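Novice: Structure file my_file_13.txt (compact mmCIF, C-alpha atoms and all ligand atoms) right here:
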# COMPACT_ATOMS: atom_id res chain seq x y z
CA MET A 1 0.00 0.00 0.00
CA LYS A 2 2.74 2.39 1.11
CA SER A 3 4.84 1.70 -2.00
CA VAL A 4 1.86 2.42 -4.33
CA LYS A 5 1.33 5.81 -2.63
CA LEU A 6 5.07 6.56 -2.89
CA ARG A 7 5.09 5.71 -6.60
CA LYS A 8 2.00 7.90 -7.27
CA SER A 9 3.52 10.90 -5.49
CA LEU A 10 6.81 10.35 -7.34
CA VAL A 11 4.97 10.32 -10.70
CA ARG A 12 3.04 13.48 -9.67
CA GLY A 13 6.27 15.15 -8.55
CA PHE A 14 8.03 14.08 -11.69
CA SER A 15 5.35 15.52 -14.00
CA PHE A 16 5.30 18.74 -11.92
CA TRP A 17 9.08 19.22 -12.49
CA ARG A 18 8.75 18.32 -16.18
CA LEU A 19 5.96 20.88 -16.56
CA LEU A 20 7.98 23.55 -14.74
CA GLU A 21 10.99 22.80 -16.93
CA LYS A 22 8.88 23.20 -20.07
CA ILE A 23 7.43 26.51 -18.84
CA LEU A 24 10.94 27.79 -18.11
CA ILE A 25 12.11 26.83 -21.62
CA ILE A 26 9.12 28.64 -23.19
CA LEU A 27 9.77 31.73 -21.05
CA ARG A 28 13.47 31.74 -21.97
CA VAL A 29 12.69 31.52 -25.70
CA MET A 30 10.09 34.32 -25.37
CA PHE A 31 12.54 36.49 -23.45
CA GLU A 32 15.30 35.94 -26.01
CA LYS A 33 12.94 36.80 -28.88
CA LEU A 34 12.09 40.08 -27.12
CA ARG A 35 15.80 40.89 -27.15
CA TYR A 36 16.17 40.27 -30.92
CA PRO A 37 16.71 43.52 -32.85
CA LYS A 38 13.58 44.66 -34.69
CA VAL A 39 13.84 45.31 -38.41
CA GLU A 40 12.26 48.76 -38.80
CA ILE A 41 10.63 49.88 -42.05
CA MET A 42 11.23 53.52 -42.93
CA THR A 43 9.47 55.54 -45.65
CA SER A 44 9.70 59.20 -46.61
CA PRO A 45 6.11 60.47 -46.68
CA ASP A 46 6.97 64.21 -46.71
CA TRP A 47 7.96 64.37 -50.39
CA VAL A 48 6.01 66.72 -52.67
CA ASP A 49 8.39 66.85 -55.65
CA TYR A 50 8.96 63.08 -55.84
CA GLU A 51 6.68 60.06 -55.96
CA LEU A 52 6.83 56.40 -56.85
CA ILE A 53 3.77 56.24 -59.09
CA ASP A 54 3.70 52.50 -59.74
CA SER A 55 5.98 49.47 -59.69
CA GLY A 56 6.00 45.96 -61.05
CA GLU A 57 7.34 43.57 -63.68
CA GLY A 58 10.93 44.53 -62.89
CA ARG A 59 10.45 48.31 -63.28
CA LYS A 60 9.41 51.40 -61.36
CA LEU A 61 7.56 54.47 -62.63
CA GLU A 62 8.63 57.63 -60.78
CA ARG A 63 8.03 61.36 -60.87
CA PHE A 64 10.88 63.77 -60.12
CA GLY A 65 9.28 67.22 -60.23
CA ASP A 66 7.43 67.31 -63.57
CA ILE A 67 9.57 64.61 -65.18
CA ARG A 68 8.39 61.00 -65.21
CA VAL A 69 10.93 58.24 -65.67
CA ILE A 70 10.94 54.44 -65.77
CA ARG A 71 13.89 52.65 -64.19
CA PRO A 72 14.68 48.93 -63.82
CA GLU A 73 13.90 47.55 -60.36
CA ALA A 74 14.79 43.91 -59.75
CA GLU A 75 12.85 43.82 -56.46
CA ALA A 76 9.52 44.66 -58.16
CA VAL A 77 8.56 41.06 -58.84
CA TRP A 78 4.80 41.73 -58.75
CA ARG A 79 2.36 43.03 -61.40
CA CYS A 80 1.94 46.75 -62.18
CA MET A 81 -1.29 48.27 -60.82
CA LEU A 82 -1.68 51.02 -63.41
CA PRO A 83 -2.60 50.38 -67.06
CA ALA A 84 0.02 50.65 -69.82
CA ASN A 85 -1.23 54.10 -70.92
CA GLU A 86 -0.14 55.53 -67.52
CA TRP A 87 3.37 54.13 -68.00
CA GLU A 88 3.39 55.51 -71.55
CA LYS A 89 3.13 59.05 -70.12
CA SER A 90 6.76 58.78 -69.00
CA ASP A 91 9.44 61.07 -70.47
CA ALA A 92 12.35 58.61 -70.49
CA GLU A 93 13.24 55.04 -69.64
CA PHE A 94 16.57 53.56 -68.60
CA ILE A 95 17.27 50.46 -70.70
CA PRO A 96 19.80 48.26 -68.87
CA SER A 97 22.52 46.38 -70.73
CA PRO A 98 23.76 42.93 -69.65
CA GLU A 99 26.88 44.36 -67.91
CA GLU A 100 26.38 45.39 -64.27
CA ASN A 101 25.43 49.14 -64.04
CA GLY A 102 25.48 49.49 -67.84
CA GLY A 103 22.68 50.82 -70.03
CA HIS A 104 21.28 53.94 -71.66
CA TRP A 105 18.32 56.33 -71.48
CA LYS A 106 15.63 56.13 -74.15
CA PHE A 107 13.69 59.40 -74.52
CA PHE A 108 9.96 59.61 -75.32
CA ARG A 109 9.80 63.41 -74.99
CA LYS A 110 12.31 66.25 -74.99
CA ILE A 111 13.33 67.04 -71.42
CA PRO A 112 15.69 69.68 -70.01
CA GLU A 113 19.32 68.67 -69.56
CA SER A 114 18.90 69.36 -65.84
CA TRP A 115 16.10 70.54 -63.57
CA ASN A 116 15.63 71.25 -59.85
CA ILE A 117 13.46 69.66 -57.20
CA ARG A 118 12.97 70.58 -53.54
CA TYR A 119 12.69 68.64 -50.30
CA LYS A 120 11.71 70.98 -47.45
CA ASP A 121 14.43 73.68 -47.38
CA LEU A 122 16.84 71.81 -49.70
CA THR A 123 17.13 72.08 -53.48
CA PHE A 124 18.77 69.49 -55.73
CA ARG A 125 19.76 69.66 -59.36
CA LEU A 126 18.81 66.49 -61.21
CA MET A 127 19.85 65.07 -64.53
CA LEU A 128 19.80 61.69 -66.19
CA SER A 129 23.28 60.30 -65.71
CA ASN A 130 24.99 57.46 -67.54
CA SER A 131 24.08 55.11 -64.73
CA LYS A 132 20.35 54.87 -63.96
CA GLN A 133 20.73 57.53 -61.22
CA LEU A 134 19.35 61.08 -61.35
CA GLY A 135 21.37 62.65 -58.53
CA ILE A 136 19.44 61.78 -55.38
CA PHE A 137 18.16 58.71 -53.60
CA PRO A 138 14.64 59.85 -52.64
CA GLU A 139 14.09 56.98 -50.19
CA GLN A 140 16.88 58.53 -48.06
CA ALA A 141 14.80 61.60 -47.14
CA CYS A 142 13.76 59.93 -43.86
CA GLN A 143 17.47 59.71 -42.95
CA TRP A 144 18.01 63.41 -43.82
CA ASP A 145 15.17 64.20 -41.38
CA TRP A 146 16.64 61.94 -38.68
CA VAL A 147 20.11 63.48 -38.97
CA GLN A 148 18.57 66.96 -38.66
CA GLU A 149 16.59 65.88 -35.59
CA ARG A 150 19.77 64.53 -33.95
CA ILE A 151 21.73 67.73 -34.68
CA ARG A 152 18.92 70.01 -33.48
CA SER A 153 18.38 67.98 -30.30
CA VAL A 154 22.07 68.17 -29.28
CA LYS A 155 21.92 71.99 -29.20
CA LYS A 156 25.69 72.45 -29.46
CA PRO A 157 28.11 72.69 -32.39
CA MET A 158 28.62 69.33 -34.07
CA ARG A 159 31.28 68.13 -36.51
CA ILE A 160 29.78 65.63 -38.94
CA LEU A 161 31.66 63.40 -41.38
CA ASN A 162 29.81 62.14 -44.46
CA LEU A 163 31.73 59.41 -46.29
CA PHE A 164 30.88 58.20 -49.82
CA GLY A 165 28.62 61.27 -49.92
CA TYR A 166 27.75 61.34 -53.68
CA THR A 167 25.82 64.55 -54.54
CA GLY A 168 25.61 65.61 -50.92
CA ALA A 169 21.94 65.40 -49.94
CA ILE A 170 22.60 64.36 -46.36
CA SER A 171 25.55 66.78 -46.03
CA LEU A 172 23.19 69.59 -47.02
CA ALA A 173 20.58 68.40 -44.52
CA ALA A 174 23.19 68.31 -41.72
CA ALA A 175 24.56 71.76 -42.63
CA SER A 176 21.05 73.18 -42.81
CA ALA A 177 20.45 71.96 -39.22
CA GLY A 178 23.56 73.86 -38.08
CA ALA A 179 26.39 71.28 -38.16
CA LYS A 180 29.88 71.77 -39.59
CA VAL A 181 30.12 69.05 -42.24
CA THR A 182 33.05 67.28 -43.88
CA HIS A 183 31.79 65.71 -47.09
CA LEU A 184 33.96 63.15 -48.87
CA ASP A 185 33.61 61.33 -52.17
CA ALA A 186 36.09 59.82 -54.61
CA SER A 187 34.38 61.34 -57.65
CA LYS A 188 35.23 64.90 -58.72
CA LYS A 189 31.96 65.09 -60.68
CA ALA A 190 29.91 64.07 -57.61
CA VAL A 191 31.67 66.66 -55.40
CA GLN A 192 31.10 69.39 -58.02
CA TRP A 193 27.43 68.43 -58.26
CA ALA A 194 27.10 68.47 -54.45
CA LYS A 195 28.60 71.98 -54.33
CA GLU A 196 25.98 73.15 -56.83
CA ASN A 197 23.27 71.68 -54.59
CA GLN A 198 24.75 73.61 -51.64
CA MET A 199 24.50 76.86 -53.65
CA LEU A 200 20.96 76.09 -54.83
CA SER A 201 19.97 75.43 -51.21
CA SER A 202 21.46 78.81 -50.14
CA LEU A 203 23.67 77.24 -47.49
CA PRO A 204 26.72 79.19 -46.25
CA GLU A 205 29.90 78.28 -48.13
CA ASP A 206 31.82 77.48 -44.93
CA SER A 207 29.14 75.07 -43.63
CA ILE A 208 30.59 72.17 -45.68
CA ARG A 209 34.21 71.17 -46.29
CA TRP A 210 34.37 69.35 -49.65
CA LEU A 211 36.96 66.58 -50.09
CA MET A 212 37.82 64.30 -52.97
CA ASP A 213 39.56 61.37 -51.33
CA ASP A 214 39.46 57.65 -50.58
CA GLY A 215 37.04 56.92 -47.73
CA LEU A 216 39.12 54.42 -45.76
CA LYS A 217 42.46 56.21 -46.22
CA PHE A 218 40.95 59.53 -45.11
CA VAL A 219 39.46 58.08 -41.91
CA GLN A 220 42.78 56.39 -41.07
CA ARG A 221 44.55 59.74 -41.55
CA GLU A 222 41.97 61.54 -39.39
CA SER A 223 42.58 58.92 -36.71
CA ARG A 224 46.35 59.61 -36.73
CA ARG A 225 45.62 63.37 -36.56
CA GLU A 226 43.19 62.78 -33.64
CA SER A 227 40.49 64.64 -35.50
CA PHE A 228 37.17 63.64 -33.95
CA TYR A 229 33.53 63.87 -35.06
CA GLN A 230 30.25 63.95 -33.15
CA GLY A 231 28.40 62.26 -36.00
CA ILE A 232 29.50 59.92 -38.81
CA ILE A 233 27.40 59.05 -41.85
CA LEU A 234 28.47 56.48 -44.42
CA ASP A 235 26.94 54.94 -47.50
CA PRO A 236 29.64 52.58 -48.75
CA PRO A 237 28.95 51.04 -52.15
CA LYS A 238 29.37 47.35 -52.91
CA PHE A 239 32.36 48.20 -55.07
CA GLY A 240 34.12 51.50 -55.79
CA ARG A 241 37.43 53.19 -56.45
CA GLY A 242 39.22 56.00 -54.67
CA PRO A 243 40.65 58.93 -56.68
CA LYS A 244 44.02 57.20 -57.00
CA GLY A 245 42.48 53.91 -58.04
CA GLU A 246 42.23 52.54 -54.46
CA VAL A 247 39.87 49.56 -54.59
CA TRP A 248 36.88 49.53 -52.25
CA GLU A 249 35.05 46.21 -51.75
CA PHE A 250 32.32 46.18 -49.12
CA TYR A 251 32.99 42.79 -47.55
CA LYS A 252 36.78 43.24 -47.52
CA GLY A 253 36.95 46.87 -46.43
CA PHE A 254 33.95 47.34 -44.14
CA PRO A 255 35.37 45.82 -40.89
CA GLU A 256 38.55 47.94 -41.19
CA LEU A 257 36.54 51.06 -42.02
CA MET A 258 34.31 50.54 -38.98
CA GLN A 259 37.33 50.18 -36.65
CA ALA A 260 38.81 53.36 -38.16
CA CYS A 261 35.47 55.19 -37.66
CA LYS A 262 35.39 54.02 -34.04
CA SER A 263 38.75 55.73 -33.45
CA ILE A 264 37.46 59.12 -34.67
CA LEU A 265 34.16 59.13 -32.77
CA ALA A 266 34.40 61.99 -30.25
CA ALA A 267 33.85 61.29 -26.55
CA ASP A 268 30.62 63.32 -26.87
CA ALA A 269 29.60 61.66 -30.14
CA ASP A 270 25.87 61.56 -30.74
CA PHE A 271 25.16 59.36 -33.75
CA MET A 272 26.35 57.14 -36.53
CA LEU A 273 24.35 56.17 -39.61
CA ILE A 274 25.26 53.50 -42.16
CA THR A 275 23.30 52.80 -45.32
CA ALA A 276 24.11 50.03 -47.75
CA TYR A 277 22.71 49.42 -51.23
CA ALA A 278 23.04 46.40 -53.49
CA ILE A 279 24.80 44.15 -51.00
CA LYS A 280 23.61 40.77 -49.75
CA ALA A 281 23.95 41.75 -46.08
CA SER A 282 20.88 42.20 -43.90
CA SER A 283 20.44 45.26 -41.69
CA LEU A 284 21.36 42.94 -38.76
CA THR A 285 24.93 42.92 -40.09
CA LEU A 286 25.04 46.71 -39.72
CA ASN A 287 23.46 46.44 -36.27
CA ASN A 288 26.09 43.92 -35.10
CA SER A 289 28.91 46.05 -36.41
CA LEU A 290 27.58 49.25 -34.81
CA THR A 291 26.92 47.44 -31.53
CA GLU A 292 30.52 46.24 -31.52
CA ILE A 293 32.14 49.61 -32.11
CA THR A 294 29.88 51.64 -29.78
CA ARG A 295 29.98 49.15 -26.88
CA ASN A 296 31.75 51.58 -24.54
CA LEU A 297 29.74 54.62 -25.56
CA GLY A 298 26.29 53.57 -24.31
CA GLY A 299 23.24 54.59 -26.33
CA SER A 300 21.23 52.31 -28.58
CA VAL A 301 21.46 50.70 -31.99
CA SER A 302 18.60 50.16 -34.42
CA ASN A 303 18.38 48.79 -37.93
CA GLY A 304 15.99 48.34 -40.81
CA GLU A 305 15.17 49.05 -44.42
CA VAL A 306 14.51 52.29 -46.29
CA CYS A 307 11.57 51.87 -48.63
CA LEU A 308 9.62 53.66 -51.31
CA GLN A 309 5.84 53.26 -51.25
CA ASP A 310 3.99 53.19 -54.56
CA ARG A 311 0.96 55.45 -54.92
CA SER A 312 -0.88 52.89 -57.06
CA GLY A 313 -1.02 50.08 -54.51
CA GLY A 314 0.68 51.29 -51.31
CA ARG A 315 3.26 48.55 -51.76
CA LEU A 316 6.62 48.98 -50.04
CA LEU A 317 9.69 48.63 -52.22
CA SER A 318 12.80 48.02 -50.15
CA MET A 319 15.72 50.05 -51.50
CA ALA A 320 18.52 49.74 -48.94
CA VAL A 321 19.38 48.53 -45.45
CA TYR A 322 20.51 50.83 -42.67
CA GLY A 323 21.92 50.75 -39.15
CA ARG A 324 21.92 53.63 -36.68
CA TRP A 325 23.57 54.28 -33.38
CA GLN A 326 22.37 57.13 -31.21
CA LYS A 327 23.63 58.27 -27.84
CA ASN A 328 20.24 58.86 -26.19
C1 LIG A 401 25.84 54.85 -53.06
S1 LIG A 401 26.65 56.33 -53.47
C2 LIG A 401 26.24 57.28 -52.05
C3 LIG A 401 24.83 57.88 -52.10
C4 LIG A 401 24.58 59.06 -51.12
N1 LIG A 401 24.92 58.71 -49.76
C5 LIG A 401 23.14 59.60 -51.18
O1 LIG A 401 22.25 59.07 -50.51
O2 LIG A 401 22.91 60.53 -51.95
C6 LIG A 401 28.33 55.82 -53.31
C7 LIG A 401 29.39 56.90 -53.54
O3 LIG A 401 30.65 56.36 -53.10
C8 LIG A 401 31.68 56.94 -53.88
N2 LIG A 401 32.88 56.09 -53.74
C9 LIG A 401 33.13 54.90 -54.31
N3 LIG A 401 34.34 54.41 -53.89
C10 LIG A 401 34.85 55.31 -53.04
C11 LIG A 401 36.04 55.38 -52.27
N4 LIG A 401 36.95 54.42 -52.31
N5 LIG A 401 36.22 56.45 -51.47
C12 LIG A 401 35.30 57.45 -51.43
N6 LIG A 401 34.15 57.44 -52.13
C13 LIG A 401 33.93 56.39 -52.94
C14 LIG A 401 31.10 57.03 -55.27
O4 LIG A 401 31.76 58.02 -56.03
C15 LIG A 401 29.62 57.35 -54.97
O5 LIG A 401 29.37 58.73 -55.08
Would it be possible to restate this file's structure as structure tokens?
Ligand SMILES: C[S@@+](CC[C@H](N)C(=O)[O-])C[C@H]1O[C@@H](n2cnc3c(N)ncnc32)[C@H](O)[C@@H]1O
Specialist:
Amino acid sequence: MKSVKLRKSLVRGFSFWRLLEKILIILRVMFEKLRYPKVEIMTSPDWVDYELIDSGEGRKLERFGDIRVIRPEAEAVWRCMLPANEWEKSDAEFIPSPEENGGHWKFFRKIPESWNIRYKDLTFRLMLSNSKQLGIFPEQACQWDWVQERIRSVKKPMRILNLFGYTGAISLAAASAGAKVTHLDASKKAVQWAKENQMLSSLPEDSIRWLMDDGLKFVQRESRRESFYQGIILDPPKFGRGPKGEVWEFYKGFPELMQACKSILAADADFMLITAYAIKASSLTLNNSLTEITRNLGGSVSNGEVCLQDRSGGRLLSMAVYGRWQKN
């Protein structure tokens, strides 16, 4: 009799501990999932002079000011929402060639060689360049806003470094919010174009220092000179070349560049922003890298995707991944 009772209580006890163990495992998994970084989706809803009209079948139909263009878009694997006659209203289409980044513009109407568009207090000159680009990445406007918010919230002079800065949109945004900006790009043409955008936006000449240099080499030199920045912005391409033919390859150069950037972050640094286009990496890669280099600085890291939203269907088209570190 006694042994039956003992066995029953053992079985009961055993299933109680098994149940408790299972609950603890579930709680641990739930807790760990809460700690996973969230992939944020960012759009730029404040545009007036730009819109993604429709997308689909490997292309996107966009309006830059009064000019409508069609550009290839590998991510648009769905069907277009608008009928063909809407797409036929476009002024030009970029026809890609089999080589990477190759192709040409086909014109359906005569358009000006260049024209201007505005985003809030900034003005940009646009033109159809030999690549499929027009001079700005409109999906980045949300990052221009964020950088301005950071600069305005700090309420003290900030030195900002913008690497791989292209035609300068984010440099202009930072200067317009009151920062002293160092803008760097390997291309003379891009730097010249960015300077024109500064003039068109009526920003003081001394608000931006323009440099034509190799991104990695410059940061390493700044580190030796102990020249520090309160904010660093970088948009490294998958592949590029410095002015003296220095080869930039994202997966080879990025870890070294991040360590170099770490060494020029000022003790009172406030933010860092990385954007990456056309690479395989997820935004988690950028998060991990930022988390590693800002470990002793406190603050928080976030990551996600910058997207365009088409007017025709409200669909989100992911254009690039980003990672951000901010002090508070
Ligand atoms: C993706 S674009 C940057 C876009 C820009 N951040 C924007 O949103 O308008 C990349 C730029 O990196 C520049 N670049 C490529 N290799 C470079 C290098 N080794 N050093 C500096 N700039 C480089 C190119 O000239 C190009 O303008």
Novice: With all atoms listed in the file as the atoms that count, which of A:Trp47, A:Trp78, A:Phe254, A:Trp17 lies nearest to ligand LIG 401 (chain A)?
Specialist: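 Of all the options, A:Phe254 lies closest to ligand LIG 401 (chain A).
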Novice: Determine the nearest neighbour of ligand LIG 401 (chain A) from the options A:Ile136, A:Ala175, A:Met42, A:Cys261, counting all atoms listed in the file.
Specialist: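 Ranking A:Ile136, A:Ala175, A:Met42, A:Cys261 by distance to ligand LIG 401 (chain A), first place goes to A:Ile136.
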Novice: Any residue with an atom at most 9 Å from ligand LIG 401 (chain A) counts, using only C-alpha atoms and all ligand atoms. Which are they? Put them as a PyMOL selection string.
Specialist: chain A and resi 135-141+143+162-171+184-191+212-218+233-249+275-278
Novice: Pick out the closest residue to A:Ser114 from this set: A:Ser44, A:Trp193, A:Ser97, A:Leu52. Count only C-alpha atoms.
Specialist: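 Closest to A:Ser114 of all the choices is A:Trp193.
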Novice: Compile the contact shell of A:Ser153 as a list in words: residues with an atom at most 12 Å away, counting all atoms listed in the file, same-chain residues fewer than 6 positions apart removed.
Specialist: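 Counting all atoms listed in the file, the residues come to Trp146, Val147, Ala177, Gly178, Ala179, Asp270, Phe271, Gln326, Lys327 and Asn328 of chain A.
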Novice: Within 9 Å of A:Phe64, counting all atoms listed in the file, which residues qualify if same-chain residues fewer than 5 places away don't, as a list in words?
Specialist: Asp49, Tyr50, Glu51, Val69, Asn116, Ile117, Leu126 and Leu134 of chain A
Novice: Taking all listed atoms of stretch 101-116 of chain A, build the axis-aligned box, pad each of the six sides by 8 Å, then write its centre and edge lengths in Å to one decimal as JSON.
Specialist:
{"center_x": 17.6, "center_y": 60.2, "center_z": -67.6, "size_x": 31.7, "size_y": 38.1, "size_z": 31.5}
Novice: Could you check how far atom CA of A:Cys307 sits from atom CA of A:Val39, in Å to one decimal?
Specialist: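 Result for atom CA of A:Cys307 versus atom CA of A:Val39: 12.4 Å, one decimal.
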Novice: Report, in Å with one decimal, the straight-line distance from atom CA of A:Lys180 to atom CA of A:Asp206.
Specialist: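 Pair atom CA of A:Lys180 / atom CA of A:Asp206 returns 8.1 Å.
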Novice: Between atom CA of A:Gln198 and atom CA of A:Thr43, what is the distance in Å, rounded to a tenth?
Specialist: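 Atom CA of A:Thr43 lies at a distance of 24.4 Å from atom CA of A:Gln198.
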Novice: Which polymer residues, protein or nucleic acid, are no farther than 12 Å from (33.5, 59.5, -31.5), counting all atoms listed in the file, as number ranges by chain?
Specialist: A: 158-161, 222-223, 226-232, 258-272, 293-298, 325-327
Novice: For those residues, write C-alpha atoms to a file as a short mmCIF file (atom, residue, chain, number, x, y, z; two decimals), keeping the file's coordinate frame.
Specialist:
data_model
loop_
_atom_site.label_atom_id
_atom_site.label_comp_id
_atom_site.auth_asym_id
_atom_site.auth_seq_id
_atom_site.Cartn_x
_atom_site.Cartn_y
_atom_site.Cartn_z
CA MET A 158 28.62 69.33 -34.07
CA ARG A 159 31.28 68.13 -36.51
CA ILE A 160 29.78 65.63 -38.94
CA LEU A 161 31.66 63.40 -41.38
CA GLU A 222 41.97 61.54 -39.39
CA SER A 223 42.58 58.92 -36.71
CA GLU A 226 43.19 62.78 -33.64
CA SER A 227 40.49 64.64 -35.50
CA PHE A 228 37.17 63.64 -33.95
CA TYR A 229 33.53 63.87 -35.06
CA GLN A 230 30.25 63.95 -33.15
CA GLY A 231 28.40 62.26 -36.00
CA ILE A 232 29.50 59.92 -38.81
CA MET A 258 34.31 50.54 -38.98
CA GLN A 259 37.33 50.18 -36.65
CA ALA A 260 38.81 53.36 -38.16
CA CYS A 261 35.47 55.19 -37.66
CA LYS A 262 35.39 54.02 -34.04
CA SER A 263 38.75 55.73 -33.45
CA ILE A 264 37.46 59.12 -34.67
CA LEU A 265 34.16 59.13 -32.77
CA ALA A 266 34.40 61.99 -30.25
CA ALA A 267 33.85 61.29 -26.55
CA ASP A 268 30.62 63.32 -26.87
CA ALA A 269 29.60 61.66 -30.14
CA ASP A 270 25.87 61.56 -30.74
CA PHE A 271 25.16 59.36 -33.75
CA MET A 272 26.35 57.14 -36.53
CA ILE A 293 32.14 49.61 -32.11
CA THR A 294 29.88 51.64 -29.78
CA ARG A 295 29.98 49.15 -26.88
CA ASN A 296 31.75 51.58 -24.54
CA LEU A 297 29.74 54.62 -25.56
CA GLY A 298 26.29 53.57 -24.31
CA TRP A 325 23.57 54.28 -33.38
CA GLN A 326 22.37 57.13 -31.21
CA LYS A 327 23.63 58.27 -27.84
#
Novice: Fewer than 2 positions away in the same chain doesn't count, so skip those; otherwise give me all residues within 9 Å of A:Gly304, counting only C-alpha atoms, as an MDAnalysis selection string.
Specialist: chainID A and resid 38:42 282:284 287 302 306 320:324
Novice: Restricting the calculation to only C-alpha atoms, which member of A:Ser201, A:Asn85, A:Gln192, A:Asn130 is positioned closest to A:Lys106?
Specialist: A:Asn130
Novice: Calculated over all atoms listed in the file, which of the candidates A:Tyr36, A:Trp144, A:Tyr119, A:Phe94 has the smallest distance to A:Lys132?
Specialist: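 Using all atoms listed in the file, A:Lys132 sits closest to A:Phe94.
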Novice: I'd like to know which of A:Leu27, A:Leu200, A:Lys120, A:Gly253 is closest to A:Pro45, using only C-alpha atoms.
Specialist: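 When distances to A:Pro45 are compared using only C-alpha atoms, the smallest one comes from A:Lys120.
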Novice: Excluding A:Lys89 and residues on its chain fewer than 5 positions from it, collect all residues at most 10 Å away from it, counting all atoms listed in the file, and give them as a PyMOL selection string.
Specialist: chain A and resi 61+67-69+84+108-109
Novice: Which residues come within 6 Å of A:Val77, counting only C-alpha atoms, excluding same-chain residues fewer than 3 positions away, as a PDB file with C-alpha atoms, in the coordinates of the input?
Specialist:
ATOM      1  CA  GLY A  56       6.000  45.960 -61.050  1.00  0.00           C
ATOM      2  CA  GLU A  57       7.340  43.570 -63.680  1.00  0.00           C
ATOM      3  CA  GLY A  58      10.930  44.530 -62.890  1.00  0.00           C
TER       4      GLY A  58
END
Novice: Please return stretch 169-184 of chain A, rebuilt to N, CA and C atoms, as a compact mmCIF listing (two decimals), in the coordinates of the input.
Specialist:
# COMPACT_ATOMS: atom_id res chain seq x y z
N ALA A 169 23.24 65.11 -50.56
CA ALA A 169 21.94 65.40 -49.94
C ALA A 169 22.01 65.43 -48.41
N ILE A 170 22.62 64.42 -47.82
CA ILE A 170 22.60 64.36 -46.36
C ILE A 170 23.59 65.37 -45.74
N SER A 171 24.64 65.73 -46.50
CA SER A 171 25.55 66.78 -46.03
C SER A 171 24.80 68.10 -45.97
N LEU A 172 23.99 68.36 -46.99
CA LEU A 172 23.19 69.59 -47.02
C LEU A 172 22.20 69.62 -45.85
N ALA A 173 21.55 68.47 -45.62
CA ALA A 173 20.58 68.40 -44.52
C ALA A 173 21.26 68.70 -43.19
N ALA A 174 22.46 68.11 -42.98
CA ALA A 174 23.19 68.31 -41.72
C ALA A 174 23.63 69.77 -41.59
N ALA A 175 24.12 70.36 -42.69
CA ALA A 175 24.56 71.76 -42.63
C ALA A 175 23.37 72.67 -42.37
N SER A 176 22.24 72.35 -42.98
CA SER A 176 21.05 73.18 -42.81
C SER A 176 20.55 73.14 -41.36
N ALA A 177 20.85 72.05 -40.64
CA ALA A 177 20.45 71.96 -39.22
C ALA A 177 21.50 72.61 -38.30
N GLY A 178 22.60 73.11 -38.88
CA GLY A 178 23.56 73.86 -38.08
C GLY A 178 24.89 73.18 -37.83
N ALA A 179 25.11 71.99 -38.42
CA ALA A 179 26.39 71.28 -38.16
C ALA A 179 27.48 71.77 -39.11
N LYS A 180 28.73 71.55 -38.70
CA LYS A 180 29.88 71.77 -39.59
C LYS A 180 30.17 70.41 -40.24
N VAL A 181 30.08 70.35 -41.56
CA VAL A 181 30.12 69.05 -42.24
C VAL A 181 31.40 68.87 -43.05
N THR A 182 31.98 67.68 -42.97
CA THR A 182 33.05 67.28 -43.88
C THR A 182 32.45 66.25 -44.82
N HIS A 183 32.40 66.60 -46.10
CA HIS A 183 31.79 65.71 -47.09
C HIS A 183 32.90 65.12 -47.96
N LEU A 184 32.89 63.80 -48.10
CA LEU A 184 33.96 63.15 -48.87
C LEU A 184 33.38 62.21 -49.93
